[in-house]
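Structure file start_24.txt; described as compact mmCIF, C-alpha atoms.
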# COMPACT_ATOMS: atom_id res chain seq x y z
CA MET A 1 135.36 103.11 -78.34
CA THR A 2 134.18 100.91 -81.19
CA SER A 3 136.75 99.62 -83.64
CA THR A 4 136.32 100.46 -87.31
CA GLY A 5 138.54 97.47 -88.14
CA THR A 6 137.53 93.85 -88.35
CA GLY A 7 136.62 93.17 -84.71
CA MET A 8 137.27 94.07 -81.07
CA ASN A 9 139.02 97.16 -79.82
CA TYR A 10 142.48 96.87 -78.24
CA ARG A 11 145.38 99.06 -77.18
CA PHE A 12 148.41 98.69 -79.49
CA GLN A 13 151.98 99.63 -78.56
CA LYS A 14 154.98 99.17 -80.86
CA PHE A 15 158.69 99.44 -80.05
CA THR A 16 161.57 99.54 -82.48
CA THR A 17 165.16 100.74 -82.73
CA VAL A 18 166.93 103.08 -85.15
CA TYR A 19 169.94 102.44 -87.42
CA ASP A 20 173.11 103.83 -85.85
CA ASP A 21 174.04 105.69 -89.07
CA PHE A 22 170.76 107.57 -89.06
CA LEU A 23 170.73 108.17 -85.31
CA ARG A 24 174.22 109.73 -85.40
CA LYS A 25 173.15 111.98 -88.25
CA PHE A 26 169.92 112.98 -86.50
CA LEU A 27 171.61 113.77 -83.19
CA ALA A 28 174.46 115.65 -84.88
CA GLU A 29 172.05 118.32 -86.12
CA ALA A 30 172.26 120.08 -82.75
CA PRO A 31 174.40 119.94 -79.59
CA PHE A 32 173.44 117.05 -77.34
CA PHE A 33 172.36 119.38 -74.54
CA PHE A 34 169.77 120.85 -76.93
CA TYR A 35 167.98 117.49 -77.06
CA GLU A 36 168.19 117.17 -73.29
CA LEU A 37 166.24 120.42 -72.95
CA LEU A 38 163.45 119.61 -75.41
CA PRO A 39 160.12 118.29 -74.11
CA PHE A 40 159.37 114.71 -75.13
CA GLN A 41 156.62 115.61 -77.61
CA ASP A 42 158.74 118.27 -79.35
CA LEU A 43 161.63 115.86 -79.77
CA TYR A 44 159.26 113.07 -80.86
CA ASP A 45 157.73 115.35 -83.48
CA LYS A 46 161.20 116.39 -84.65
CA PHE A 47 162.12 112.73 -85.18
CA ILE A 48 158.82 111.85 -86.87
CA GLY A 49 159.30 114.84 -89.16
CA THR A 50 162.29 113.09 -90.74
CA TRP A 51 159.96 110.37 -92.12
CA TYR A 52 162.60 107.82 -91.18
CA SER A 53 161.75 104.19 -92.04
CA LEU A 54 158.36 103.12 -90.59
CA SER A 55 158.20 106.28 -88.43
CA ASN A 56 154.94 106.23 -86.44
CA PHE A 57 152.89 104.89 -89.35
CA PHE A 58 151.71 101.72 -87.61
CA ALA A 59 150.27 103.75 -84.75
CA ARG A 60 148.60 106.21 -87.15
CA HIS A 61 146.90 103.44 -89.11
CA MET A 62 145.94 101.49 -85.98
CA GLU A 63 144.23 104.62 -84.65
CA THR A 64 142.33 104.92 -87.94
CA LEU A 65 140.99 101.43 -87.21
CA GLY A 66 139.88 102.59 -83.77
CA HIS A 67 142.73 101.20 -81.68
CA PRO A 68 144.56 103.55 -79.27
CA ALA A 69 148.18 103.19 -80.37
CA GLN A 70 151.77 104.25 -79.77
CA ASP A 71 154.97 103.94 -81.83
CA LEU A 72 158.04 104.29 -79.60
CA PHE A 73 161.76 104.23 -80.38
CA ALA A 74 163.68 102.44 -77.67
CA SER A 75 167.20 103.33 -78.82
CA ILE A 76 166.88 107.14 -79.11
CA GLU A 77 168.41 108.02 -75.76
CA PRO A 78 167.48 111.72 -75.40
CA LEU A 79 163.93 110.97 -76.54
CA GLN A 80 163.43 108.12 -74.09
CA LYS A 81 165.03 110.01 -71.23
CA ALA A 82 162.79 113.01 -71.93
CA TRP A 83 159.78 110.72 -71.53
CA ALA A 84 161.20 109.36 -68.27
CA ARG A 85 161.91 112.85 -66.96
CA GLU A 86 158.40 114.10 -67.68
CA ASN A 87 156.80 110.97 -66.22
CA LYS A 88 159.03 111.01 -63.13
CA VAL A 89 160.49 107.60 -63.90
CA ALA A 90 163.79 106.81 -62.20
CA TYR A 91 166.16 104.37 -63.88
CA PRO A 92 169.65 102.95 -63.31
CA PRO A 93 172.04 104.68 -65.78
CA GLU A 94 173.46 101.36 -67.01
CA THR A 95 170.00 99.91 -67.84
CA TRP A 96 168.17 103.07 -68.92
CA LEU A 97 166.87 101.52 -72.14
CA ASN A 98 165.17 98.45 -70.62
CA SER A 99 163.95 100.33 -67.57
CA ILE A 100 162.26 103.10 -69.57
CA VAL A 101 160.63 100.66 -72.01
CA ILE A 102 159.19 98.70 -69.06
CA ALA A 103 157.83 101.94 -67.58
CA GLN A 104 156.26 102.87 -70.92
CA VAL A 105 154.47 99.52 -71.09
CA GLN A 106 153.22 99.96 -67.54
CA SER A 107 152.04 103.48 -68.36
CA PHE A 108 150.23 102.76 -71.66
CA GLN A 109 148.92 99.33 -70.61
CA PRO A 110 148.72 97.82 -74.12
CA ASP A 111 146.72 94.73 -74.96
CA VAL A 112 148.96 94.12 -77.98
CA LEU A 113 152.72 94.69 -77.86
CA PHE A 114 154.59 94.69 -81.20
CA LEU A 115 158.38 94.30 -80.94
CA GLN A 116 160.29 95.03 -84.11
CA ASP A 117 163.86 94.34 -82.95
CA MET A 118 164.28 90.73 -81.82
CA SER A 119 167.93 91.31 -80.91
CA LEU A 120 167.12 93.92 -78.30
CA PHE A 121 163.82 92.36 -77.26
CA ASP A 122 165.28 88.92 -76.57
CA PRO A 123 163.47 86.21 -74.54
CA ALA A 124 164.77 87.56 -71.22
CA PHE A 125 163.59 91.11 -71.95
CA ARG A 126 160.25 89.84 -73.23
CA ALA A 127 159.76 87.91 -69.98
CA GLN A 128 160.48 91.10 -68.03
CA LEU A 129 157.85 92.96 -70.04
CA ARG A 130 155.20 90.29 -69.44
CA GLU A 131 155.93 90.28 -65.72
CA ALA A 132 155.86 94.08 -65.46
CA SER A 133 152.70 94.58 -67.53
CA PRO A 134 149.62 95.32 -65.43
CA LYS A 135 147.54 93.01 -67.65
CA PRO A 136 148.16 90.03 -69.97
CA LEU A 137 150.02 90.93 -73.16
CA PHE A 138 149.42 89.61 -76.65
CA MET A 139 153.03 89.82 -77.84
CA ILE A 140 154.02 90.02 -81.50
CA GLY A 141 157.56 89.85 -82.85
CA TRP A 142 158.92 90.91 -86.23
CA ARG A 143 161.60 88.77 -87.87
CA GLY A 144 163.28 90.11 -91.00
CA ALA A 145 166.40 87.95 -90.75
CA PRO A 146 167.13 84.22 -90.38
CA SER A 147 167.84 82.75 -86.98
CA GLY A 148 170.20 80.16 -85.61
CA ASP A 149 167.76 79.32 -82.82
CA PHE A 150 164.13 79.30 -83.88
CA SER A 151 163.09 77.91 -80.49
CA SER A 152 163.85 81.32 -78.96
CA PHE A 153 160.57 82.68 -80.39
CA GLY A 154 158.30 80.16 -78.69
CA ASP A 155 157.12 82.64 -76.05
CA LEU A 156 155.63 84.98 -78.66
CA ASP A 157 151.90 84.81 -79.34
CA LEU A 158 152.59 85.65 -82.99
CA ILE A 159 155.67 86.32 -85.08
CA VAL A 160 155.39 87.97 -88.49
CA ALA A 161 158.00 87.97 -91.25
CA PRO A 162 158.28 89.43 -94.78
CA TYR A 163 159.59 86.31 -96.55
CA PRO A 164 157.62 83.06 -97.06
CA HIS A 165 160.56 80.78 -96.22
CA PHE A 166 161.11 82.59 -92.90
CA VAL A 167 157.47 81.91 -92.01
CA GLU A 168 157.78 78.23 -92.89
CA ASN A 169 161.00 77.88 -90.88
CA LEU A 170 159.36 79.50 -87.87
CA LYS A 171 156.29 77.26 -88.13
CA SER A 172 158.41 74.13 -88.48
CA HIS A 173 160.01 75.00 -85.14
CA GLY A 174 156.68 75.39 -83.37
CA ALA A 175 156.20 79.16 -83.58
CA THR A 176 152.87 80.76 -84.49
CA ALA A 177 153.97 82.66 -87.58
CA ALA A 178 152.38 84.57 -90.46
CA LEU A 179 153.48 86.44 -93.56
CA LEU A 180 153.28 90.23 -93.29
CA CYS A 181 154.90 92.05 -96.18
CA LEU A 182 156.46 95.46 -95.86
CA GLY A 183 154.81 98.42 -97.57
CA PHE A 184 154.86 102.06 -98.70
CA GLU A 185 153.54 105.02 -96.73
CA ALA A 186 151.38 106.72 -99.35
CA SER A 187 151.09 110.00 -97.44
CA VAL A 188 154.72 110.78 -98.35
CA LEU A 189 153.37 111.72 -101.78
CA ASP A 190 151.71 114.73 -100.12
CA VAL A 191 155.16 115.93 -99.06
CA VAL A 192 157.50 114.85 -101.88
CA ASN A 193 156.67 115.65 -105.50
CA CYS A 194 157.25 112.51 -107.53
CA ARG A 195 156.22 114.24 -110.77
CA GLN A 196 159.30 116.44 -110.92
CA ARG A 197 161.91 116.09 -113.63
CA ARG A 198 163.86 112.88 -113.17
CA ASP A 199 167.47 113.90 -113.62
CA LEU A 200 169.19 110.73 -112.34
CA ASP A 201 169.40 107.86 -114.82
CA PHE A 202 170.09 104.90 -112.56
CA ILE A 203 170.54 104.79 -108.79
CA PHE A 204 170.97 102.49 -105.82
CA ALA A 205 170.36 103.63 -102.22
CA GLY A 206 171.17 101.35 -99.32
CA SER A 207 173.91 99.20 -97.83
CA LEU A 208 176.53 98.12 -100.37
CA GLY A 209 177.77 95.23 -98.28
CA SER A 210 181.12 93.61 -99.00
CA GLN A 211 182.68 90.62 -100.71
CA LYS A 212 181.63 88.45 -97.76
CA GLY A 213 178.52 88.54 -95.59
CA ILE A 214 174.78 88.90 -96.09
CA HIS A 215 175.16 91.34 -99.01
CA ALA A 216 177.93 89.59 -100.94
CA GLN A 217 175.78 89.11 -104.06
CA ARG A 218 174.68 92.74 -103.87
CA PHE A 219 178.29 93.93 -103.66
CA ALA A 220 179.31 91.83 -106.67
CA LEU A 221 176.41 93.12 -108.78
CA ILE A 222 176.94 96.79 -107.86
CA GLU A 223 180.66 96.47 -108.58
CA ASN A 224 179.77 95.13 -112.04
CA LEU A 225 177.12 97.78 -112.71
CA LEU A 226 179.41 100.64 -111.71
CA ALA A 227 181.79 99.49 -114.43
CA SER A 228 179.11 99.04 -117.11
CA THR A 229 176.25 101.50 -116.48
CA PRO A 230 175.77 105.09 -115.23
CA LEU A 231 174.80 103.74 -111.79
CA GLN A 232 175.15 106.20 -108.92
CA VAL A 233 175.14 104.97 -105.32
CA TRP A 234 174.02 106.52 -102.03
CA GLY A 235 175.02 104.12 -99.31
CA THR A 236 177.21 102.66 -96.63
CA GLY A 237 179.51 99.69 -96.49
CA PRO A 238 183.01 98.57 -95.58
CA SER A 239 183.89 98.66 -99.28
CA LEU A 240 183.90 102.48 -99.27
CA GLU A 241 186.79 103.30 -96.96
CA PRO A 242 190.27 101.70 -96.75
CA MET A 243 190.36 99.05 -94.03
CA LEU A 244 194.04 99.56 -93.27
CA PRO A 245 196.87 101.94 -94.22
CA ARG A 246 198.30 100.84 -97.55
CA SER A 247 201.65 100.93 -99.30
CA ARG A 248 203.13 98.87 -102.11
CA ARG A 249 204.90 96.63 -99.60
CA SER A 250 201.93 96.27 -97.23
CA ASN A 251 199.58 95.60 -100.16
CA PHE A 252 201.58 92.49 -101.04
CA VAL A 253 201.24 91.18 -97.48
CA LEU A 254 197.57 92.12 -97.12
CA ASN A 255 196.69 90.48 -100.40
CA ALA A 256 198.56 87.30 -99.40
CA ILE A 257 196.67 87.14 -96.09
CA TYR A 258 193.30 87.68 -97.79
CA GLN A 259 193.92 85.13 -100.56
CA SER A 260 195.13 82.57 -98.01
CA ASN A 261 191.90 82.93 -96.08
CA LEU A 262 189.85 82.59 -99.25
CA ALA A 263 191.66 79.38 -100.16
CA LEU A 264 191.20 77.94 -96.67
CA ASP A 265 187.50 78.92 -96.70
CA GLN A 266 187.01 77.09 -99.98
CA LEU A 267 188.66 74.02 -98.43
CA LYS A 268 186.25 74.43 -95.45
CA VAL A 269 189.11 74.54 -92.94
CA PRO A 270 187.61 75.14 -89.46
CA GLU A 271 188.29 78.51 -87.84
CA ARG A 272 190.01 76.90 -84.85
CA PHE A 273 192.75 75.67 -87.18
CA LYS A 274 193.05 78.96 -89.06
CA ALA A 275 193.38 80.77 -85.75
CA ARG A 276 196.62 78.88 -85.08
CA ILE A 277 198.35 80.46 -88.09
CA PRO A 278 199.36 84.01 -87.06
CA LEU A 279 199.20 85.72 -90.46
CA VAL A 280 196.05 83.90 -91.51
CA GLN A 281 194.39 84.68 -88.18
CA ARG A 282 194.85 88.39 -88.81
CA GLY A 283 192.53 88.31 -91.83
CA MET A 284 189.97 85.71 -90.72
CA TYR A 285 187.12 88.21 -90.56
CA TRP A 286 188.03 90.62 -93.32
CA GLY A 287 184.95 91.20 -95.45
CA GLU A 288 187.02 92.18 -98.46
CA ASN A 289 190.58 92.45 -99.71
CA PRO A 290 192.15 95.47 -97.94
CA ALA A 291 194.86 95.67 -100.61
CA TRP A 292 192.37 96.62 -103.34
CA PRO A 293 191.26 100.20 -104.04
CA THR A 294 187.86 100.94 -102.53
CA LEU A 295 184.79 101.46 -104.72
CA ARG A 296 184.89 105.17 -103.87
CA GLU A 297 188.50 105.35 -105.04
CA ARG A 298 187.72 103.49 -108.25
CA TYR A 299 184.53 105.46 -109.06
CA PRO A 300 185.05 109.02 -107.75
CA GLY A 301 181.96 111.19 -107.66
CA ARG A 302 179.54 108.28 -108.07
CA ILE A 303 179.29 107.06 -104.49
CA ARG A 304 177.79 109.37 -101.89
CA PRO A 305 176.82 109.19 -98.21
CA PRO A 306 173.59 107.37 -97.31
CA VAL A 307 170.24 109.15 -97.24
CA PHE A 308 167.27 108.47 -94.97
CA GLY A 309 163.67 109.55 -94.61
CA LEU A 310 162.62 112.51 -96.73
CA GLU A 311 166.08 112.73 -98.34
CA TYR A 312 165.69 109.14 -99.47
CA TYR A 313 162.21 109.69 -100.89
CA ARG A 314 163.37 112.83 -102.71
CA LEU A 315 166.19 110.83 -104.25
CA LEU A 316 163.76 108.17 -105.50
CA ALA A 317 161.60 110.95 -106.95
CA ARG A 318 164.56 112.06 -109.09
CA ALA A 319 165.48 108.60 -110.42
CA LYS A 320 164.49 107.17 -113.78
CA ILE A 321 165.51 103.65 -112.74
CA THR A 322 166.18 102.34 -109.22
CA LEU A 323 168.10 99.15 -108.55
CA ASN A 324 166.84 96.66 -105.99
CA VAL A 325 168.98 93.81 -104.68
CA HIS A 326 167.73 91.66 -101.82
CA PRO A 327 170.12 90.48 -99.12
CA ASP A 328 171.46 86.97 -99.67
CA LEU A 329 169.33 85.73 -96.75
CA ALA A 330 166.16 86.41 -98.79
CA ALA A 331 167.10 83.35 -100.88
CA ASN A 332 164.67 83.02 -103.79
CA TYR A 333 161.97 85.29 -102.36
CA ALA A 334 161.13 88.98 -102.82
CA GLY A 335 159.91 91.16 -99.97
CA ASN A 336 162.31 93.93 -98.96
CA MET A 337 161.25 97.51 -98.27
CA ARG A 338 162.81 99.01 -101.40
CA LEU A 339 160.38 97.06 -103.62
CA PHE A 340 157.51 99.16 -102.32
CA GLU A 341 159.28 102.45 -101.61
CA ALA A 342 160.73 102.72 -105.13
CA THR A 343 157.54 101.76 -106.95
CA GLY A 344 155.50 103.95 -104.61
CA MET A 345 157.64 106.94 -105.56
CA GLY A 346 157.09 106.29 -109.26
CA THR A 347 160.59 105.25 -110.30
CA CYS A 348 161.04 102.27 -112.64
CA LEU A 349 162.20 99.41 -110.43
CA MET A 350 164.91 97.03 -111.64
CA THR A 351 164.81 94.01 -109.30
CA GLU A 352 165.95 90.39 -109.25
CA TRP A 353 163.62 87.71 -110.50
CA LYS A 354 162.25 85.89 -107.47
CA GLU A 355 159.95 82.92 -107.10
CA ASN A 356 157.16 84.90 -105.43
CA LEU A 357 157.60 88.22 -107.23
CA ALA A 358 154.52 87.64 -109.40
CA ASP A 359 152.44 87.54 -106.20
CA LEU A 360 153.43 91.16 -105.59
CA PHE A 361 153.93 92.73 -109.04
CA GLU A 362 153.46 91.83 -112.69
CA PRO A 363 157.03 91.24 -113.92
CA GLU A 364 158.06 93.33 -116.94
CA LEU A 365 154.80 95.31 -116.80
CA GLU A 366 154.98 96.82 -113.29
CA VAL A 367 158.63 96.14 -112.44
CA VAL A 368 161.58 94.96 -114.56
CA THR A 369 163.46 91.83 -113.56
CA TYR A 370 166.95 90.45 -114.12
CA ARG A 371 168.54 87.06 -113.44
CA SER A 372 172.16 88.07 -114.03
CA ALA A 373 174.38 91.14 -114.12
CA LYS A 374 174.52 90.86 -117.91
CA GLU A 375 170.72 90.91 -118.21
CA CYS A 376 170.50 93.83 -115.77
CA ILE A 377 173.00 95.87 -117.80
CA GLU A 378 171.16 95.16 -121.06
CA LYS A 379 167.77 96.11 -119.63
CA VAL A 380 169.04 99.31 -118.01
CA ARG A 381 170.49 100.45 -121.33
CA TYR A 382 167.27 99.54 -123.15
CA LEU A 383 165.04 101.40 -120.68
CA LEU A 384 167.18 104.51 -120.77
CA ASP A 385 166.82 104.51 -124.56
CA HIS A 386 163.03 103.90 -124.49
CA GLU A 387 161.57 106.58 -122.27
CA GLU A 388 157.86 105.98 -122.94
CA GLU A 389 158.14 102.27 -122.17
CA ARG A 390 160.11 102.98 -118.99
CA GLN A 391 157.59 105.59 -117.83
CA ALA A 392 154.68 103.23 -118.50
CA ILE A 393 156.27 100.51 -116.35
CA ALA A 394 157.01 103.01 -113.56
CA ALA A 395 153.42 104.33 -113.59
CA ALA A 396 151.98 100.80 -113.54
CA GLY A 397 154.25 99.85 -110.63
CA GLN A 398 153.16 102.89 -108.67
CA ARG A 399 149.47 102.16 -109.27
CA ARG A 400 149.96 98.58 -108.03
CA THR A 401 151.76 99.69 -104.88
CA LEU A 402 149.16 102.35 -104.05
CA ARG A 403 146.43 99.75 -104.58
CA ASP A 404 147.90 96.71 -102.80
CA HIS A 405 151.09 97.54 -100.92
CA THR A 406 150.58 100.55 -98.66
CA LEU A 407 151.32 100.49 -94.94
CA ALA A 408 147.65 101.21 -94.32
CA THR A 409 146.89 97.91 -96.05
CA ARG A 410 149.57 96.08 -94.04
CA VAL A 411 148.18 97.39 -90.74
CA ARG A 412 144.69 96.21 -91.72
CA GLN A 413 146.19 92.79 -92.51
CA LEU A 414 147.89 92.76 -89.12
CA ASP A 415 144.60 93.70 -87.47
CA GLU A 416 142.95 90.77 -89.24
CA LEU A 417 145.59 88.46 -87.76
CA ILE A 418 145.30 89.89 -84.26
CA ASN A 419 141.53 89.95 -83.79
CA PRO A 420 140.69 86.22 -84.02
CA MET A 421 143.71 85.35 -81.88
CA LEU A 422 142.70 87.87 -79.19
CA LYS A 423 139.19 86.44 -79.12
CA LYS A 424 140.64 83.03 -78.31
How does the structure come out when it is put into structure tokens?
Amino acid sequence: MTSTGTGMNYRFQKFTTVYDDFLRKFLAEAPFFFYELLPFQDLYDKFIGTWYSLSNFFARHMETLGHPAQDLFASIEPLQKAWARENKVAYPPETWLNSIVIAQVQSFQPDVLFLQDMSLFDPAFRAQLREASPKPLFMIGWRGAPSGDFSSFGDLDLIVAPYPHFVENLKSHGATAALLCLGFEASVLDVVNCRQRRDLDFIFAGSLGSQKGIHAQRFALIENLLASTPLQVWGTGPSLEPMLPRSRRSNFVLNAIYQSNLALDQLKVPERFKARIPLVQRGMYWGENPAWPTLRERYPGRIRPPVFGLEYYRLLARAKITLNVHPDLAANYAGNMRLFEATGMGTCLMTEWKENLADLFEPELEVVTYRSAKECIEKVRYLLDHEEERQAIAAAGQRRTLRDHTLATRVRQLDELINPMLKK
């Protein structure tokens, strides 16, 4: 077979995992025994039909370039066990996940192995895969989060990341790293009508986070916007449900514990000292104040369960304006998935100003930016009052994404990284 990409032909195999929230929802659609009876391909097609996250889009686009390809989902237990059953692969029950993945690598015999979850595919597992593979593997890792130990990626032939500062950190620790942005799967527009009437003024879909943690800035902004705009939220987060049973008396104690921890955190008191104080120890890892009403309690009817796949795209197709807030770990750089999904679906994107945003979109012409909650509130109100201007920005953002930021484009960029390295 001759590659229609930029160079030599190779076999490409990609493994990833699935968010627990989505997996529970997917598996709850039928009794578990139903999934145990389905053939692998039927169950695979059922999962792919949800259009969840990156689905099998990398494999599809790799095959368009002439590379035999697979997208596999290591954490979907009935799916993986169906594959093992049909391929007569035995596995120890306690290590079914690793054992089946190893068998799938041995069966497909990839030249290039792309691992999207670096927590599951840790150095020990990666070493197992290299040893079990019937031929040498060119191994690629994806890193969308910071790391406390950059040296743990030294065994990878290439590691790709969506943020420039992640790439520089990886390189400074000796890894072979490259920037690979996320993107939008344009074929979803054949399934979801983005030209329908947009009946939702302003939405956010994703993890809300909490007062502490990697989404603390996001939580603070959304809390502010709920109070000052018509924002509606579809998402998850510890801020939605009460952490502990509450009463007037217990609230006083819970608040005292939380505030004590905040004060000690500000004084940078080490955890080993806080752990010696019984009441303080109880709240050391609380992400928010359990004495306060939850966001759902404070804003009834405006916070709904999370949506994934086609439900998510249909929601974006209904929104006039969609909020984007990067996780705190993104620092001063843009590059999360919502940038491209929202613009691709033709909603007007309201996103933070970031140092590299102009490399991706024309600020204020293709997306709208804010540097503070106050500026975000003012611009949302303006855009809702100026429909033609808002629609023009949304249309320009969609054109830019369909031109420069599709997953087909990203896979071609990945192919351009792989080919010269394989030749060496």
- Item | Computed interatomic separation between CA of Thr401 (chain A) and CA of Arg314 (chain A) (Å) |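 Here the two named atoms are 17.7 Å from each other.
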- Proximity to Phe108 (chain A) - best of A:Thr347, A:Arg11, A:Glu63, A:Val167, all atoms listed in the file: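 So, comparing all the options, the nearest one is A:Arg11.
One finds CA of Asp155 (chain A) at 11.3 Å from CA of Leu137 (chain A).
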- Just give me the gap between CA of Gln41 (chain A) and CA of Ser75 (chain A) in Å, one decimal is fine.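 One can read the CA of Gln41 (chain A) to CA of Ser75 (chain A) distance as 16.3 Å.
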- Which is closer to Asn169 (chain A) than all the others in A:Phe150, A:Tyr10, A:Phe184, A:Phe202, using all atoms listed in the file?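 Ranked by minimum distance to Asn169 (chain A), first place goes to A:Phe150.
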- If you count only C-alpha atoms, the residue of A:Ile303, A:Ala177, A:Val368, A:Ala82 closest to Gly206 (chain A) turns out to be A:Ile303
- Quick one: residues within 6 Å of region 139-143 of chain A, only C-alpha atoms counted, chain neighbours fewer than 4 positions away excluded, as a PyMOL selection string? chain A and resi 112-116+156-161
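Nearest-residue note for Leu182 (chain A): choosing from A:Glu341, A:Asp45, A:Glu388, A:Asp415, the minimum distance belongs to A:Glu341, counting only C-alpha atoms.
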- Item | Contact residues around region 392-394 of chain A with all atoms listed in the file at 12 Å, ignoring same-chain residues under 5 positions, as a ChimeraX atom specification | /A:194-195,316-317,319-322,340,342-350,361-369,383,386-387,399-401
- Query: Contacts of Ala175 (chain A) at 7 Å or less, counting all atoms listed in the file, minus same-chain residues fewer than 4 places along, as a list of chain:residue names?
  - Reply: A:Phe153, A:Gly154, A:Leu170, A:Lys171
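Using only C-alpha atoms for every distance, the candidate list A:Leu329, A:Leu54, A:Val233, A:Val280 yields A:Val233 as the residue closest to Pro305 (chain A).
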- Which residue gives the smallest distance to Glu185 (chain A) among A:Gly309, A:Gly397, A:Pro136, A:Pro327, with all atoms listed in the file counted?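 Using all atoms listed in the file, Glu185 (chain A) sits closest to A:Gly309.
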Axis-aligned box for all listed atoms of region 197-208 of chain A, 5 Å per side, centre and edges in Å to one decimal, as AutoDock Vina command-line options:
--center_x 169.2 --center_y 107.1 --center_z -106.3 --size_x 24.6 --size_y 28.0 --size_z 27.0
- Task: For Tyr370 (chain A), list every protein, DNA or RNA residue within 10 Å, evaluated using only C-alpha atoms, and leave out those in the same chain fewer than 4 positions away; present the list as a count of residues only.
- Result: 14
